[in-house]
Amino acid sequence: MEKISFLCYIQRMEIKKRLEQLREILKIEEKKSQIEEMEKEMQSPNFWTDEKESGRKLKKSQQLKESVKTFEDIYDIAQIASEEELESLSDEIGKLETETLMSGKFDSHSAIISFYSGAGGVDAQDWTEMLLKMYLKWAEKNAKNAIILSESKGGEAGIKSATVEISGTNIYGLLKGESGVHRLVRQSPFNAKNLRQTSFAMVEVMPEIESSSEVEIDSKDLKVETFRASGCGGQSVNTTDSAVRIRHLPTGITVSCQNERSQLQNKETAMKILRSRIAALLITQHKERVDEIRGDYSSPEWGNQIRSYVLHPYKLVKDHRTGIESKSPDQVLSGDLDKFIEAELRSVNRIS
């Protein structure tokens with residue numbers, strides 16, 4: 001009995017040490033000061049003059065509060081946790097430690113994720129929808145808000161493409177390693193002979209850029225077109241030019257949106273996605289300003305897959321960059337992605 005108590009004491013001391021290190025690395029006290037300053041600013045009668053800017057600051061304040069609360073909740077529980085509770089608490093601390101691996105310019109931002117079906121016909125479109133659902137379930141498991149910004153349905157099943165926004169602190173930092181080609185091997189439900197089929201889909205993860213000051217785009221560099229939206233979306237969807245297509249002339253990046261009911265809403269959503277796509281391009285090309293990336297834009301490459309999901313003739317999910325595997329693809333497709341995400345973060349940061 002004494003031995004168990006001693007081990008529990010040692011474990012508690014180790015957890016306390018990790019938490020004190022995290023307090024410094026995550027700058028918890030600095031974040032508290034920022035929250036106080038922002039709350040004072042919000043009390044100013046002029047705070048809501050610019051609704052977009054005030055909304056951005058309010059969201060930033062909420063993210064800071066979320067970060068501080070998560071740390072303090074774990075810290076408080078650590079003081080009174082039983083031996084059994086310390087085990088699960090260690091996993092929660094591990095998630096906080098993962099945050100320290102994110103130091104990129106946009107890592108603290110929310111994420112915008114685009115999905116594109118590749119080779120494989122209807123199977124590929126179905127696979128693309130499965131991937132979309134996988135990330136939506138990951139967001140749900142992690143209590144993050146996710147909304148679909150745009151979606152293009154397949155003719156028979158699945159989707160040709162889709163874009164989703166997942167909101168929360170460090171979401172881009174966590175998910176940026178998910179960008180790339182994802183490969184599925186299974187018995188096709190769309191083949192009468194139930195033959196084995198290999199399908200591909202592209203996932204593109206971008207930081208959400210809400211403030212135009214973070215990625216400044218000259219309006220002269222934009223070509224904005226309107227067109228008639230297709231599919232469902234309101235009684236006037238097929239009678240008005242509510243859909244919007246925006247092309248960034250220097251890079252050739254083109255974004256379109258038709259899911260919203262009004263042309264103005266579609267334009268705002270398209271601009272958000274465009275800023276995010278340009279931000280991702282700045283990151284990959286190690287540039288600071290948009291005017292430094294003038295030239296041909298290279299879309300995400302259809303190169304070697306980053307991860308394979310095999311459902312037949314055996315069950316296995318394997319990340320080809322880190323070697324991490326799971327023999328439970330159903331769990332992975334239900335949003336159980338954390339070990340893959342963390343392994344890629346540690347690999348990029350060269351941490352064992």
# chains A, B, ... in the order shown; residues from 1 in each chain; ligands from 1

call {"tool": "select_by_dssp", "arguments": {"residues": "stretch 55-269 of chain A", "states": "alpha helix (DSSP H)", "output": "PyMOL selection string"}}
result
chain A and resi 55-80+83-99+121-141+171-175+263-269

call {"tool": "residues_around", "arguments": {"residues": "A:Glu260", "least_positions_apart": "4", "cutoff": "9 Å", "atoms": "only C-alpha atoms", "output": "PyMOL selection string"}}
result
chain A and resi 149-150+233+242-243+264-266+269

call {"tool": "write_last_selection", "arguments": {"atoms": "N, CA and C atoms", "output": "PDB file, in the first residue's frame"}}
result
ATOM      1  N   LEU A 149     -18.452  25.334 -45.824  1.00  0.00           N
ATOM      2  CA  LEU A 149     -18.533  26.594 -46.551  1.00  0.00           C
ATOM      3  C   LEU A 149     -19.017  26.397 -47.983  1.00  0.00           C
ATOM      4  N   SER A 150     -18.618  25.298 -48.603  1.00  0.00           N
ATOM      5  CA  SER A 150     -19.048  25.016 -49.969  1.00  0.00           C
ATOM      6  C   SER A 150     -18.976  23.517 -50.212  1.00  0.00           C
ATOM      7  N   GLY A 233     -30.737  25.794 -52.635  1.00  0.00           N
ATOM      8  CA  GLY A 233     -30.193  26.917 -51.889  1.00  0.00           C
ATOM      9  C   GLY A 233     -31.139  28.079 -51.835  1.00  0.00           C
ATOM     10  N   SER A 242     -26.216  34.853 -58.037  1.00  0.00           N
ATOM     11  CA  SER A 242     -25.770  35.013 -56.653  1.00  0.00           C
ATOM     12  C   SER A 242     -24.404  34.391 -56.398  1.00  0.00           C
ATOM     13  N   ALA A 243     -24.002  33.433 -57.232  1.00  0.00           N
ATOM     14  CA  ALA A 243     -22.710  32.779 -57.045  1.00  0.00           C
ATOM     15  C   ALA A 243     -21.574  33.713 -57.469  1.00  0.00           C
ATOM     16  N   LEU A 264     -23.451  39.007 -51.848  1.00  0.00           N
ATOM     17  CA  LEU A 264     -22.524  39.614 -50.898  1.00  0.00           C
ATOM     18  C   LEU A 264     -21.943  38.567 -49.956  1.00  0.00           C
ATOM     19  N   GLN A 265     -22.791  37.669 -49.443  1.00  0.00           N
ATOM     20  CA  GLN A 265     -22.318  36.610 -48.549  1.00  0.00           C
ATOM     21  C   GLN A 265     -21.358  35.667 -49.267  1.00  0.00           C
ATOM     22  N   ASN A 266     -21.690  35.336 -50.512  1.00  0.00           N
ATOM     23  CA  ASN A 266     -20.815  34.460 -51.293  1.00  0.00           C
ATOM     24  C   ASN A 266     -19.465  35.119 -51.548  1.00  0.00           C
ATOM     25  N   THR A 269     -17.377  35.012 -48.287  1.00  0.00           N
ATOM     26  CA  THR A 269     -16.848  33.664 -48.050  1.00  0.00           C
ATOM     27  C   THR A 269     -15.720  33.352 -49.017  1.00  0.00           C
TER      28      THR A 269
END

call {"tool": "atom_distance", "arguments": {"atom1": "atom CA of A:Tyr116", "atom2": "atom CA of A:Leu101"}}
result
28.5 Å

call {"tool": "residues_around", "arguments": {"residues": "A:Glu210", "least_positions_apart": "6", "cutoff": "12 Å", "atoms": "only C-alpha atoms", "output": "ChimeraX atom specification"}}
result
/A:52-57,59-60,106,109-112,165,167,216,268-276,279

call {"tool": "write_last_selection", "arguments": {"atoms": "N, CA and C atoms", "output": "PDB file, in the first residue's frame"}}
result
ATOM      1  N   LYS A  52     -16.485  44.140 -37.942  1.00  0.00           N
ATOM      2  CA  LYS A  52     -15.597  43.037 -38.325  1.00  0.00           C
ATOM      3  C   LYS A  52     -14.373  42.981 -37.420  1.00  0.00           C
ATOM      4  N   GLU A  53     -13.775  44.156 -37.162  1.00  0.00           N
ATOM      5  CA  GLU A  53     -12.573  44.197 -36.331  1.00  0.00           C
ATOM      6  C   GLU A  53     -12.899  43.842 -34.885  1.00  0.00           C
ATOM      7  N   SER A  54     -14.032  44.347 -34.390  1.00  0.00           N
ATOM      8  CA  SER A  54     -14.427  44.032 -33.014  1.00  0.00           C
ATOM      9  C   SER A  54     -14.761  42.549 -32.878  1.00  0.00           C
ATOM     10  N   GLY A  55     -15.362  41.974 -33.928  1.00  0.00           N
ATOM     11  CA  GLY A  55     -15.664  40.540 -33.915  1.00  0.00           C
ATOM     12  C   GLY A  55     -14.394  39.710 -33.885  1.00  0.00           C
ATOM     13  N   ARG A  56     -13.386  40.160 -34.641  1.00  0.00           N
ATOM     14  CA  ARG A  56     -12.104  39.456 -34.660  1.00  0.00           C
ATOM     15  C   ARG A  56     -11.451  39.500 -33.279  1.00  0.00           C
ATOM     16  N   LYS A  57     -11.488  40.675 -32.635  1.00  0.00           N
ATOM     17  CA  LYS A  57     -10.882  40.818 -31.302  1.00  0.00           C
ATOM     18  C   LYS A  57     -11.640  39.998 -30.265  1.00  0.00           C
ATOM     19  N   LYS A  59     -13.249  37.220 -30.846  1.00  0.00           N
ATOM     20  CA  LYS A  59     -12.892  35.818 -31.081  1.00  0.00           C
ATOM     21  C   LYS A  59     -11.513  35.518 -30.496  1.00  0.00           C
ATOM     22  N   LYS A  60     -10.574  36.471 -30.658  1.00  0.00           N
ATOM     23  CA  LYS A  60      -9.232  36.305 -30.106  1.00  0.00           C
ATOM     24  C   LYS A  60      -9.286  36.204 -28.587  1.00  0.00           C
ATOM     25  N   PHE A 106       0.931  31.326 -38.571  1.00  0.00           N
ATOM     26  CA  PHE A 106      -0.526  31.189 -38.553  1.00  0.00           C
ATOM     27  C   PHE A 106      -0.996  29.975 -37.757  1.00  0.00           C
ATOM     28  N   HIS A 109      -4.217  29.905 -35.631  1.00  0.00           N
ATOM     29  CA  HIS A 109      -5.478  30.211 -36.304  1.00  0.00           C
ATOM     30  C   HIS A 109      -6.400  28.991 -36.427  1.00  0.00           C
ATOM     31  N   SER A 110      -7.648  29.307 -36.741  1.00  0.00           N
ATOM     32  CA  SER A 110      -8.586  28.262 -37.147  1.00  0.00           C
ATOM     33  C   SER A 110      -8.144  27.754 -38.519  1.00  0.00           C
ATOM     34  N   ALA A 111      -8.805  26.706 -39.024  1.00  0.00           N
ATOM     35  CA  ALA A 111      -8.378  26.117 -40.298  1.00  0.00           C
ATOM     36  C   ALA A 111      -9.520  26.067 -41.302  1.00  0.00           C
ATOM     37  N   ILE A 112      -9.160  26.228 -42.555  1.00  0.00           N
ATOM     38  CA  ILE A 112     -10.080  26.009 -43.672  1.00  0.00           C
ATOM     39  C   ILE A 112      -9.525  24.835 -44.463  1.00  0.00           C
ATOM     40  N   GLU A 165     -14.770  24.831 -42.620  1.00  0.00           N
ATOM     41  CA  GLU A 165     -14.037  25.667 -41.664  1.00  0.00           C
ATOM     42  C   GLU A 165     -14.146  25.041 -40.274  1.00  0.00           C
ATOM     43  N   SER A 167     -13.185  25.873 -36.420  1.00  0.00           N
ATOM     44  CA  SER A 167     -12.774  27.006 -35.597  1.00  0.00           C
ATOM     45  C   SER A 167     -12.183  26.563 -34.269  1.00  0.00           C
ATOM     46  N   GLU A 216      -2.727  41.147 -47.099  1.00  0.00           N
ATOM     47  CA  GLU A 216      -3.259  42.280 -47.853  1.00  0.00           C
ATOM     48  C   GLU A 216      -3.291  41.954 -49.350  1.00  0.00           C
ATOM     49  N   GLU A 268     -17.985  37.407 -49.622  1.00  0.00           N
ATOM     50  CA  GLU A 268     -17.242  37.444 -48.358  1.00  0.00           C
ATOM     51  C   GLU A 268     -16.607  36.084 -48.060  1.00  0.00           C
ATOM     52  N   THR A 269     -17.377  35.012 -48.287  1.00  0.00           N
ATOM     53  CA  THR A 269     -16.848  33.664 -48.050  1.00  0.00           C
ATOM     54  C   THR A 269     -15.720  33.352 -49.017  1.00  0.00           C
ATOM     55  N   ALA A 270     -15.891  33.717 -50.290  1.00  0.00           N
ATOM     56  CA  ALA A 270     -14.859  33.472 -51.298  1.00  0.00           C
ATOM     57  C   ALA A 270     -13.586  34.234 -50.961  1.00  0.00           C
ATOM     58  N   MET A 271     -13.714  35.478 -50.472  1.00  0.00           N
ATOM     59  CA  MET A 271     -12.536  36.269 -50.107  1.00  0.00           C
ATOM     60  C   MET A 271     -11.814  35.647 -48.913  1.00  0.00           C
ATOM     61  N   LYS A 272     -12.581  35.107 -47.960  1.00  0.00           N
ATOM     62  CA  LYS A 272     -11.968  34.450 -46.804  1.00  0.00           C
ATOM     63  C   LYS A 272     -11.129  33.249 -47.254  1.00  0.00           C
ATOM     64  N   ILE A 273     -11.699  32.448 -48.168  1.00  0.00           N
ATOM     65  CA  ILE A 273     -10.984  31.269 -48.666  1.00  0.00           C
ATOM     66  C   ILE A 273      -9.774  31.696 -49.489  1.00  0.00           C
ATOM     67  N   LEU A 274      -9.924  32.759 -50.282  1.00  0.00           N
ATOM     68  CA  LEU A 274      -8.809  33.245 -51.097  1.00  0.00           C
ATOM     69  C   LEU A 274      -7.650  33.710 -50.217  1.00  0.00           C
ATOM     70  N   ARG A 275      -7.955  34.490 -49.165  1.00  0.00           N
ATOM     71  CA  ARG A 275      -6.902  34.947 -48.256  1.00  0.00           C
ATOM     72  C   ARG A 275      -6.196  33.756 -47.604  1.00  0.00           C
ATOM     73  N   SER A 276      -6.981  32.740 -47.243  1.00  0.00           N
ATOM     74  CA  SER A 276      -6.417  31.555 -46.609  1.00  0.00           C
ATOM     75  C   SER A 276      -5.525  30.790 -47.567  1.00  0.00           C
ATOM     76  N   ALA A 279      -2.355  32.691 -47.970  1.00  0.00           N
ATOM     77  CA  ALA A 279      -1.540  32.542 -46.755  1.00  0.00           C
ATOM     78  C   ALA A 279      -0.788  31.217 -46.780  1.00  0.00           C
TER      79      ALA A 279
END

call {"tool": "closest_residue", "arguments": {"among": "A:Asn145, A:Gln63, A:Ser152, A:Ser334", "to": "A:Ser117", "atoms": "only C-alpha atoms"}}
result
A:Ser152

call {"tool": "residues_around", "arguments": {"residues": "A:Leu86", "least_positions_apart": "3", "cutoff": "12 Å", "atoms": "only C-alpha atoms", "output": "PyMOL selection string"}}
result
chain A and resi 7-16+74-75+77-83+89-93

call {"tool": "closest_residue", "arguments": {"among": "A:His248, A:Lys95, A:Arg261, A:Lys31", "to": "A:Lys223", "atoms": "only C-alpha atoms"}}
result
A:His248

call {"tool": "atom_distance", "arguments": {"atom1": "atom CA of A:Ile293", "atom2": "atom CA of A:Asp218"}}
result
13.2 Å

call {"tool": "select_by_dssp", "arguments": {"residues": "stretch 1-148 of chain A", "states": "strand (DSSP E)", "output": "list in words"}}
result
Ala111, Ile112, Ile113, Ser114, Phe115, Tyr116, Ser117, Asn145, Ala146, Ile147 and Ile148 of chain A

call {"tool": "write_last_selection", "arguments": {"atoms": "N, CA and C atoms", "output": "tab-separated table (two decimals), in the first residue's frame"}}
result
chain	number	residue	atom	x	y	z
A	111	ALA	N	-8.80	26.71	-39.02
A	111	ALA	CA	-8.38	26.12	-40.30
A	111	ALA	C	-9.52	26.07	-41.30
A	112	ILE	N	-9.16	26.23	-42.56
A	112	ILE	CA	-10.08	26.01	-43.67
A	112	ILE	C	-9.53	24.83	-44.46
A	113	ILE	N	-10.34	23.80	-44.62
A	113	ILE	CA	-9.88	22.57	-45.27
A	113	ILE	C	-10.69	22.32	-46.54
A	114	SER	N	-9.99	22.12	-47.64
A	114	SER	CA	-10.65	21.81	-48.91
A	114	SER	C	-10.38	20.36	-49.29
A	115	PHE	N	-11.38	19.73	-49.88
A	115	PHE	CA	-11.31	18.33	-50.29
A	115	PHE	C	-11.59	18.24	-51.79
A	116	TYR	N	-10.80	17.44	-52.50
A	116	TYR	CA	-10.97	17.27	-53.95
A	116	TYR	C	-10.89	15.79	-54.30
A	117	SER	N	-11.86	15.30	-55.06
A	117	SER	CA	-11.82	13.90	-55.47
A	117	SER	C	-10.80	13.74	-56.60
A	145	ASN	N	-16.06	23.80	-33.35
A	145	ASN	CA	-17.15	24.12	-34.25
A	145	ASN	C	-16.70	23.97	-35.70
A	146	ALA	N	-17.50	23.28	-36.50
A	146	ALA	CA	-17.16	23.06	-37.91
A	146	ALA	C	-18.37	23.38	-38.78
A	147	ILE	N	-18.15	24.13	-39.84
A	147	ILE	CA	-19.24	24.44	-40.77
A	147	ILE	C	-18.75	24.21	-42.20
A	148	ILE	N	-19.63	23.73	-43.05
A	148	ILE	CA	-19.30	23.51	-44.46
A	148	ILE	C	-19.52	24.81	-45.22

call {"tool": "closest_atom_pairs", "arguments": {"of": "stretch 221-340 of chain A", "to": "stretch 133-139 of chain A", "cutoff": "10 Å", "atoms": "only C-alpha atoms", "output": "JSON lines"}}
result
{"residue": "A:Asp330", "atom": "CA", "partner": "A:Met134", "partner_atom": "CA", "distance": 10.0}
{"residue": "A:Gln331", "atom": "CA", "partner": "A:Met134", "partner_atom": "CA", "distance": 9.6}
{"residue": "A:Val332", "atom": "CA", "partner": "A:Met134", "partner_atom": "CA", "distance": 7.6}
{"residue": "A:Leu333", "atom": "CA", "partner": "A:Met134", "partner_atom": "CA", "distance": 5.0}
{"residue": "A:Ser334", "atom": "CA", "partner": "A:Met134", "partner_atom": "CA", "distance": 5.5}
{"residue": "A:Gly335", "atom": "CA", "partner": "A:Trp138", "partner_atom": "CA", "distance": 4.0}
{"residue": "A:Asp336", "atom": "CA", "partner": "A:Trp138", "partner_atom": "CA", "distance": 6.5}
{"residue": "A:Leu337", "atom": "CA", "partner": "A:Trp138", "partner_atom": "CA", "distance": 7.0}
{"residue": "A:Asp338", "atom": "CA", "partner": "A:Trp138", "partner_atom": "CA", "distance": 8.6}

call {"tool": "decode", "arguments": {"residues": "stretch 280-328 of chain A", "atoms": "C-alpha atoms", "output": "JSON list (two decimals), in the first residue's frame"}}
result
[["chain", "number", "residue", "atom", "x", "y", "z"],
["A", 280, "ALA", "CA", -0.83, 28.84, -47.29],
["A", 281, "LEU", "CA", 1.14, 29.73, -50.44],
["A", 282, "LEU", "CA", 3.17, 32.32, -48.51],
["A", 283, "ILE", "CA", 4.05, 29.63, -45.97],
["A", 284, "THR", "CA", 5.14, 27.04, -48.53],
["A", 285, "GLN", "CA", 7.21, 29.59, -50.49],
["A", 286, "HIS", "CA", 8.65, 31.23, -47.35],
["A", 287, "LYS", "CA", 7.44, 34.67, -48.38],
["A", 288, "GLU", "CA", 6.24, 37.54, -46.20],
["A", 289, "ARG", "CA", 4.12, 39.59, -48.62],
["A", 290, "VAL", "CA", 1.67, 38.78, -51.39],
["A", 291, "ASP", "CA", 3.57, 40.90, -53.92],
["A", 292, "GLU", "CA", 6.57, 38.57, -53.49],
["A", 293, "ILE", "CA", 4.71, 35.58, -54.96],
["A", 294, "ARG", "CA", 3.74, 37.01, -58.31],
["A", 295, "GLY", "CA", 3.99, 34.33, -60.96],
["A", 296, "ASP", "CA", 2.40, 30.99, -61.77],
["A", 297, "TYR", "CA", 0.54, 29.33, -58.92],
["A", 298, "SER", "CA", 1.16, 25.63, -58.41],
["A", 299, "SER", "CA", -1.91, 23.83, -57.11],
["A", 300, "PRO", "CA", -1.52, 21.04, -54.52],
["A", 301, "GLU", "CA", 0.47, 18.27, -56.15],
["A", 302, "TRP", "CA", -1.03, 14.85, -56.89],
["A", 303, "GLY", "CA", 2.16, 13.13, -55.83],
["A", 304, "ASN", "CA", 2.69, 10.18, -53.54],
["A", 305, "GLN", "CA", 0.00, 9.66, -50.93],
["A", 306, "ILE", "CA", 0.71, 10.69, -47.32],
["A", 307, "ARG", "CA", -1.59, 8.04, -45.84],
["A", 308, "SER", "CA", -3.29, 4.82, -46.94],
["A", 309, "TYR", "CA", -6.56, 3.47, -45.59],
["A", 310, "VAL", "CA", -6.91, -0.22, -46.41],
["A", 311, "LEU", "CA", -10.30, -1.86, -45.77],
["A", 312, "HIS", "CA", -9.71, -4.96, -47.93],
["A", 313, "PRO", "CA", -8.15, -7.57, -48.02],
["A", 314, "TYR", "CA", -6.97, -6.58, -44.51],
["A", 315, "LYS", "CA", -7.63, -3.59, -42.24],
["A", 316, "LEU", "CA", -4.88, -1.01, -41.78],
["A", 317, "VAL", "CA", -4.31, 2.74, -41.80],
["A", 318, "LYS", "CA", -0.68, 3.70, -42.36],
["A", 319, "ASP", "CA", 0.96, 7.13, -42.49],
["A", 320, "HIS", "CA", 3.79, 6.86, -45.02],
["A", 321, "ARG", "CA", 5.75, 9.79, -43.53],
["A", 322, "THR", "CA", 5.90, 8.75, -39.87],
["A", 323, "GLY", "CA", 5.21, 5.02, -40.11],
["A", 324, "ILE", "CA", 2.36, 5.31, -37.58],
["A", 325, "GLU", "CA", -0.26, 2.60, -38.10],
["A", 326, "SER", "CA", -3.72, 1.65, -36.87],
["A", 327, "LYS", "CA", -5.44, -1.69, -37.38],
["A", 328, "SER", "CA", -8.81, -0.06, -36.66]]
